[in-house]
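*Asks:* Starting off with a structure, shown below.
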Amino acid sequence: MRSLTRGTVIPRITKSDLSQAQFAVPSLKEQEEIVRSHSQLQALRTAIANFQRELALNPGRASAIRGQVDGMLETIGGLTEADKVMSLAREGESETLEFKESFSLDVRKGTKEKYIELSALKTIVAFLNTNGGVLLIGVADSGDIPGVRCEVEKFHKSTDAFLLHFKNQLKQRVGEQNYPYINHRLVGLGNANVLMVDCKPATSPCYLDGKEFYVRTNPATDKLEGPKLVEYVQNHFKK
């Protein structure tokens, strides 16, 4: 517009100048995307306003509203990993979600026990052999989040040593070939740290210690043997 002006004292633009002007206009497809995006943003603003109104009028629905908001934030990438852990802890265990209060600590006896580790590793193998899932270590069955700090201080002295121990157990008992399907990291929630283990479905059968096969059945972990194992492997991994 500035390039079309004439005159030094009183700048002016004539209609004929405007009729010859060239404007950069997005393609029709891009314009349609812009319109859809604006419509979706408006719908999002309306939904947020409704959530705020509902929370003010009916505080008892705070938990349900928080769950819906968490889902929206996760979709747009605005949900932190700490928020995600707390949201999952509120959901409760399911076919794709399992809680373990510790990785190796027997919280009642205060001792390090192999069977505690075995339980967590079975769950990981079952997730790999079924539809994937998330294992949260440091979350109690009730959804409380004590974290793994006590276990780390008692047996490992540092979080790095704890993570190394966990990785070594994966390597020795689940197998390095399954690393691409497992993503684990510590998530900080104030004074508590939770070990979050994301598992994707494996493309081939995964065996614990090279011999035991587990699957996930809502919300438990089951061992398959004999004909049931053969049939499951043939059907689940046939592609």
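In the structure tokens, chains take the letters A, B, ... in the order shown, each chain's residues start at 1, and ligands count up from 1 in the order shown.
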How close does region 25-104 of chain A get to region 200-221 of chain A? List, as a Markdown table, each residue of region 25-104 of chain A within 8 Å, its nearest atom pair and the distance in Å to one decimal, counting only C-alpha atoms.

*Replies:*
```
| residue | atom | partner | partner_atom | distance |
| --- | --- | --- | --- | --- |
| A:Glu93 | CA | A:Pro219 | CA | 6.3 |
| A:Ser94 | CA | A:Pro219 | CA | 4.4 |
| A:Glu95 | CA | A:Asn218 | CA | 4.1 |
| A:Thr96 | CA | A:Pro219 | CA | 7.7 |
| A:Leu97 | CA | A:Pro219 | CA | 7.7 |
| A:Glu98 | CA | A:Pro219 | CA | 7.7 |
```

*Asks:* Name the residues in contact with His184 (chain A) at a cut-off of 8 Å, using only C-alpha atoms, excluding same-chain residues fewer than 5 positions from it; report them as a PyMOL selection string.

*Replies:* chain A and resi 195-198

*Asks:* Mind giving me the straight-line distance from CA of Leu105 (chain A) to CA of Glu151 (chain A) in Å, one decimal?

*Replies:*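 Distance reported for this atom pair: 6.1 Å.
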
*Asks:* Rank A:Leu229, A:Ala24, A:Val174, A:Ile65 by their smallest atom-to-atom distance to Leu118 (chain A), using only C-alpha atoms, and report the top residue only.

*Replies:*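 Smallest separation from Leu118 (chain A) among the options: A:Val174.
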
*Asks:* Measuring atom to atom with only C-alpha atoms, identify which of A:Glu176, A:Met72, A:Gln22, A:Ala120 is nearest to Arg45 (chain A).

*Replies:*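 Once distances to Arg45 (chain A) are computed over only C-alpha atoms, the minimum belongs to A:Met72.
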
*Asks:* Please compute the CA of Pro180 (chain A)-CA of Gly92 (chain A) distance, one decimal, in Å.

*Replies:*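 Result for CA of Pro180 (chain A) versus CA of Gly92 (chain A): 26.5 Å, one decimal.
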
*Asks:* Give the helix (DSSP H, G or I) residues of region 10-239 of chain A, as assigned by DSSP on the backbone, as an MDAnalysis selection string.

*Replies:* chainID A and resid 15:19 28:57 59:75 81:91 114:129 149:156 159:174 176:181 226:236

*Asks:* Report the residues of region 9-237 of chain A whose backbone DSSP state falls under strand (DSSP E or B), written as an MDAnalysis selection string.

*Replies:* chainID A and resid 12 94 97:100 105:106 111:112 133:137 182:189 192:199 208 212:217 220:224

*Asks:* Take the residues from that selection and write them out as a PDB file, in the first residue's frame, keeping C-alpha atoms.

*Replies:*
```pdb
ATOM      1  CA  ARG A  12      -2.845   9.821  -1.794  1.00  0.00           C
ATOM      2  CA  SER A  94      -6.209 -51.213  32.936  1.00  0.00           C
ATOM      3  CA  LEU A  97      -1.690 -49.289  32.438  1.00  0.00           C
ATOM      4  CA  GLU A  98      -0.028 -50.895  35.465  1.00  0.00           C
ATOM      5  CA  PHE A  99       1.241 -49.501  38.787  1.00  0.00           C
ATOM      6  CA  LYS A 100       4.156 -50.849  40.847  1.00  0.00           C
ATOM      7  CA  LEU A 105      11.890 -52.889  47.344  1.00  0.00           C
ATOM      8  CA  ASP A 106       9.480 -54.888  49.486  1.00  0.00           C
ATOM      9  CA  THR A 111      14.303 -55.515  51.783  1.00  0.00           C
ATOM     10  CA  LYS A 112      15.389 -55.926  48.188  1.00  0.00           C
ATOM     11  CA  GLY A 133       1.095 -49.948  27.639  1.00  0.00           C
ATOM     12  CA  VAL A 134       2.588 -47.820  30.401  1.00  0.00           C
ATOM     13  CA  LEU A 135       4.174 -49.121  33.597  1.00  0.00           C
ATOM     14  CA  LEU A 136       4.513 -46.573  36.402  1.00  0.00           C
ATOM     15  CA  ILE A 137       7.032 -47.619  39.055  1.00  0.00           C
ATOM     16  CA  ILE A 182      10.712 -49.589  25.373  1.00  0.00           C
ATOM     17  CA  ASN A 183      11.190 -45.989  26.478  1.00  0.00           C
ATOM     18  CA  HIS A 184      11.897 -45.446  30.175  1.00  0.00           C
ATOM     19  CA  ARG A 185      12.745 -42.302  32.155  1.00  0.00           C
ATOM     20  CA  LEU A 186      12.383 -40.794  35.613  1.00  0.00           C
ATOM     21  CA  VAL A 187       9.657 -38.173  35.945  1.00  0.00           C
ATOM     22  CA  GLY A 188       9.917 -35.698  38.803  1.00  0.00           C
ATOM     23  CA  LEU A 189       6.801 -34.765  40.785  1.00  0.00           C
ATOM     24  CA  ALA A 192       8.763 -37.901  44.310  1.00  0.00           C
ATOM     25  CA  ASN A 193      10.332 -39.508  41.257  1.00  0.00           C
ATOM     26  CA  VAL A 194       8.375 -42.029  39.183  1.00  0.00           C
ATOM     27  CA  LEU A 195       9.944 -44.406  36.687  1.00  0.00           C
ATOM     28  CA  MET A 196       7.722 -44.229  33.607  1.00  0.00           C
ATOM     29  CA  VAL A 197       8.096 -47.147  31.187  1.00  0.00           C
ATOM     30  CA  ASP A 198       6.356 -46.714  27.828  1.00  0.00           C
ATOM     31  CA  CYS A 199       6.027 -49.971  25.894  1.00  0.00           C
ATOM     32  CA  LEU A 208      11.144 -63.315  29.804  1.00  0.00           C
ATOM     33  CA  GLU A 212       8.428 -67.455  29.624  1.00  0.00           C
ATOM     34  CA  PHE A 213       5.673 -65.801  27.576  1.00  0.00           C
ATOM     35  CA  TYR A 214       3.207 -63.305  29.086  1.00  0.00           C
ATOM     36  CA  VAL A 215       0.246 -61.353  27.750  1.00  0.00           C
ATOM     37  CA  ARG A 216      -1.930 -58.610  29.146  1.00  0.00           C
ATOM     38  CA  THR A 217      -5.568 -59.320  29.973  1.00  0.00           C
ATOM     39  CA  ALA A 220      -3.786 -58.509  34.752  1.00  0.00           C
ATOM     40  CA  THR A 221      -0.695 -60.264  33.396  1.00  0.00           C
ATOM     41  CA  ASP A 222      -1.102 -63.917  32.392  1.00  0.00           C
ATOM     42  CA  LYS A 223       1.398 -66.568  31.396  1.00  0.00           C
ATOM     43  CA  LEU A 224       0.684 -68.634  28.279  1.00  0.00           C
TER      44      LEU A 224
END
```

*Asks:* Considering only C-alpha atoms, return as a PyMOL selection string whatever protein or nucleic-acid residues lie within 9 Å of Ala140 (chain A), sequence-local ones (same chain, fewer than 5 positions apart) excluded.

*Replies:* chain A and resi 89+99-102+145-147
